[in-house]
file input11.cif (mmCIF, C-alpha atoms)
data_start
loop_
_atom_site.group_PDB
_atom_site.id
_atom_site.type_symbol
_atom_site.label_atom_id
_atom_site.label_comp_id
_atom_site.auth_asym_id
_atom_site.auth_seq_id
_atom_site.Cartn_x
_atom_site.Cartn_y
_atom_site.Cartn_z
ATOM 1 C CA MET R 1 92.716 108.743 102.268
ATOM 2 C CA ALA R 2 94.838 107.102 104.940
ATOM 3 C CA SER R 3 98.405 106.974 106.209
ATOM 4 C CA LYS R 4 98.208 103.189 106.757
ATOM 5 C CA PRO R 5 95.517 100.649 107.654
ATOM 6 C CA ARG R 6 93.578 102.102 110.574
ATOM 7 C CA GLY R 7 96.002 105.035 110.620
ATOM 8 C CA MET R 8 95.356 108.735 110.185
ATOM 9 C CA LEU R 9 92.407 109.542 107.906
ATOM 10 C CA TYR R 10 91.643 112.432 105.576
ATOM 11 C CA ILE R 11 88.312 113.239 103.931
ATOM 12 C CA GLY R 12 87.985 115.768 101.131
ATOM 13 C CA VAL R 13 86.012 116.767 98.048
ATOM 14 C CA THR R 14 87.391 117.292 94.565
ATOM 15 C CA ALA R 15 86.196 117.307 90.974
ATOM 16 C CA GLN R 16 89.562 115.898 89.809
ATOM 17 C CA LEU R 17 90.202 112.888 92.042
ATOM 18 C CA ALA R 18 93.280 111.465 90.278
ATOM 19 C CA GLN R 19 94.994 114.862 90.197
ATOM 20 C CA ARG R 20 94.194 115.554 93.845
ATOM 21 C CA VAL R 21 95.466 112.171 95.029
ATOM 22 C CA ASP R 22 98.628 112.697 92.994
ATOM 23 C CA GLN R 23 99.149 116.025 94.786
ATOM 24 C CA HIS R 24 98.848 114.330 98.164
ATOM 25 C CA ARG R 25 101.254 111.593 97.088
ATOM 26 C CA ARG R 26 103.819 114.218 96.031
ATOM 27 C CA ASP R 27 103.343 116.164 99.311
ATOM 28 C CA VAL R 28 101.870 119.213 97.604
ATOM 29 C CA GLY R 29 98.315 118.545 98.819
ATOM 30 C CA SER R 30 97.056 119.646 102.198
ATOM 31 C CA ALA R 31 99.393 120.429 105.088
ATOM 32 C CA TYR R 32 97.428 117.917 107.180
ATOM 33 C CA CYS R 33 98.257 115.100 104.735
ATOM 34 C CA ARG R 34 101.934 116.122 104.625
ATOM 35 C CA ARG R 35 102.123 116.260 108.403
ATOM 36 C CA TYR R 36 100.678 112.778 108.904
ATOM 37 C CA GLY R 37 101.979 111.012 105.783
ATOM 38 C CA ILE R 38 98.521 110.471 104.303
ATOM 39 C CA LYS R 39 99.060 109.263 100.730
ATOM 40 C CA THR R 40 96.868 106.182 100.201
ATOM 41 C CA LEU R 41 93.454 106.392 98.546
ATOM 42 C CA VAL R 42 91.361 103.817 100.395
ATOM 43 C CA LEU R 43 87.816 104.936 99.540
ATOM 44 C CA ALA R 44 86.178 107.122 96.916
ATOM 45 C CA GLU R 45 82.545 108.027 96.383
ATOM 46 C CA TRP R 46 81.181 109.639 93.246
ATOM 47 C CA HIS R 47 78.226 112.020 93.387
ATOM 48 C CA ASP R 48 76.154 113.686 90.689
ATOM 49 C CA GLY R 49 76.454 117.173 92.112
ATOM 50 C CA ILE R 50 78.988 119.180 94.088
ATOM 51 C CA ASP R 51 76.355 120.229 96.629
ATOM 52 C CA TYR R 52 75.601 116.622 97.528
ATOM 53 C CA ALA R 53 79.321 115.796 97.609
ATOM 54 C CA ILE R 54 80.011 118.631 100.052
ATOM 55 C CA THR R 55 77.059 117.612 102.233
ATOM 56 C CA ARG R 56 78.376 114.025 102.294
ATOM 57 C CA GLU R 57 81.907 115.231 103.139
ATOM 58 C CA LYS R 58 80.623 117.233 106.097
ATOM 59 C CA ALA R 59 78.557 114.300 107.316
ATOM 60 C CA LEU R 60 81.505 111.895 107.096
ATOM 61 C CA LYS R 61 83.774 114.309 108.936
ATOM 62 C CA ALA R 62 81.231 114.365 111.782
ATOM 63 C CA TRP R 63 81.177 110.561 112.021
ATOM 64 C CA LYS R 64 82.935 108.677 114.778
ATOM 65 C CA ARG R 65 86.295 107.241 113.735
ATOM 66 C CA ALA R 66 85.024 103.667 114.144
ATOM 67 C CA TRP R 67 82.222 104.348 111.650
ATOM 68 C CA LYS R 68 84.716 105.680 109.090
ATOM 69 C CA ILE R 69 86.910 102.605 109.498
ATOM 70 C CA GLU R 70 83.875 100.341 109.126
ATOM 71 C CA LEU R 71 82.875 102.151 105.904
ATOM 72 C CA ILE R 72 86.369 101.701 104.454
ATOM 73 C CA GLU R 73 86.594 98.056 105.469
ATOM 74 C CA LYS R 74 83.214 97.223 103.893
ATOM 75 C CA THR R 75 84.547 98.005 100.421
ATOM 76 C CA ASN R 76 88.311 97.790 100.910
ATOM 77 C CA PRO R 77 89.074 95.363 103.766
ATOM 78 C CA ALA R 78 92.783 95.155 102.884
ATOM 79 C CA TRP R 79 93.147 98.948 102.793
ATOM 80 C CA GLU R 80 94.597 98.704 99.263
ATOM 81 C CA ASP R 81 95.664 101.861 97.447
ATOM 82 C CA LEU R 82 92.924 102.550 94.883
ATOM 83 C CA PHE R 83 94.879 105.198 92.970
ATOM 84 C CA ASP R 84 95.757 102.922 90.036
ATOM 85 C CA ARG R 85 92.061 102.106 89.576
ATOM 86 C CA ILE R 86 91.104 105.758 89.097
ATOM 87 C CA ALA R 87 94.210 107.147 87.370
#
call {"tool": "encode", "arguments": {"input": "input11.cif", "output": "structure tokens"}}
result
Amino acid sequence: MASKPRGMLYIGVTAQLAQRVDQHRRDVGSAYCRRYGIKTLVLAEWHDGIDYAITREKALKAWKRAWKIELIEKTNPAWEDLFDRIA
């Protein structure tokens, strides 16, 4: 999730993506997202198991910011909000 193109980024894991994004959009998600106005879903990855999803989350959080931006821009160069596609 992002606050704006190339803005603040948030990475998380959930089994209920649409519900979790809705929480962030209504400012009842994480305090970090509220603090920085992070409400736009710009990238989502689906995984077969929670263990792999958590491992991927930890790896992405360890990435350099430039790598995260490059990953987003490969699939969503306009930084469009993907919420309507998953809701």
call {"tool": "closest_residue", "arguments": {"input": "input11.cif", "among": "R:Leu82, R:His47, R:Ala59, R:Ile38", "to": "Gly7 (chain R)", "atoms": "all atoms listed in the file"}}
result
R:Ile38
call {"tool": "closest_residue", "arguments": {"input": "input11.cif", "among": "R:Ile11, R:Val28, R:Ala78, R:Ala87", "to": "Ala62 (chain R)", "atoms": "all atoms listed in the file"}}
result
R:Ile11
call {"tool": "closest_residue", "arguments": {"input": "input11.cif", "among": "R:Ala18, R:Val13, R:Ile50, R:Met1", "to": "Asn76 (chain R)", "atoms": "all atoms listed in the file"}}
result
R:Met1
call {"tool": "residues_around", "arguments": {"input": "input11.cif", "residues": "Trp79 (chain R)", "least_positions_apart": "2", "cutoff": "6 Å", "atoms": "all atoms listed in the file", "output": "list in words"}}
result
Pro5, Val42, Asn76 and Pro77 of chain R
call {"tool": "write_last_selection", "arguments": {"input": "input11.cif", "atoms": "C-alpha atoms", "output": "mmCIF file, in the frame of the given file"}}
result
data_model
loop_
_atom_site.group_PDB
_atom_site.id
_atom_site.type_symbol
_atom_site.label_atom_id
_atom_site.label_comp_id
_atom_site.auth_asym_id
_atom_site.auth_seq_id
_atom_site.Cartn_x
_atom_site.Cartn_y
_atom_site.Cartn_z
ATOM 1 C CA PRO R 5 95.517 100.649 107.654
ATOM 2 C CA VAL R 42 91.361 103.817 100.395
ATOM 3 C CA ASN R 76 88.311 97.790 100.910
ATOM 4 C CA PRO R 77 89.074 95.363 103.766
#
call {"tool": "atom_distance", "arguments": {"input": "input11.cif", "atom1": "CA of Gly29 (chain R)", "atom2": "CA of Gly12 (chain R)"}}
result
10.9 Å
call {"tool": "closest_residue", "arguments": {"input": "input11.cif", "among": "R:Ala66, R:Leu60, R:Ile54, R:Leu41", "to": "Val21 (chain R)", "atoms": "all atoms listed in the file"}}
result
R:Leu41
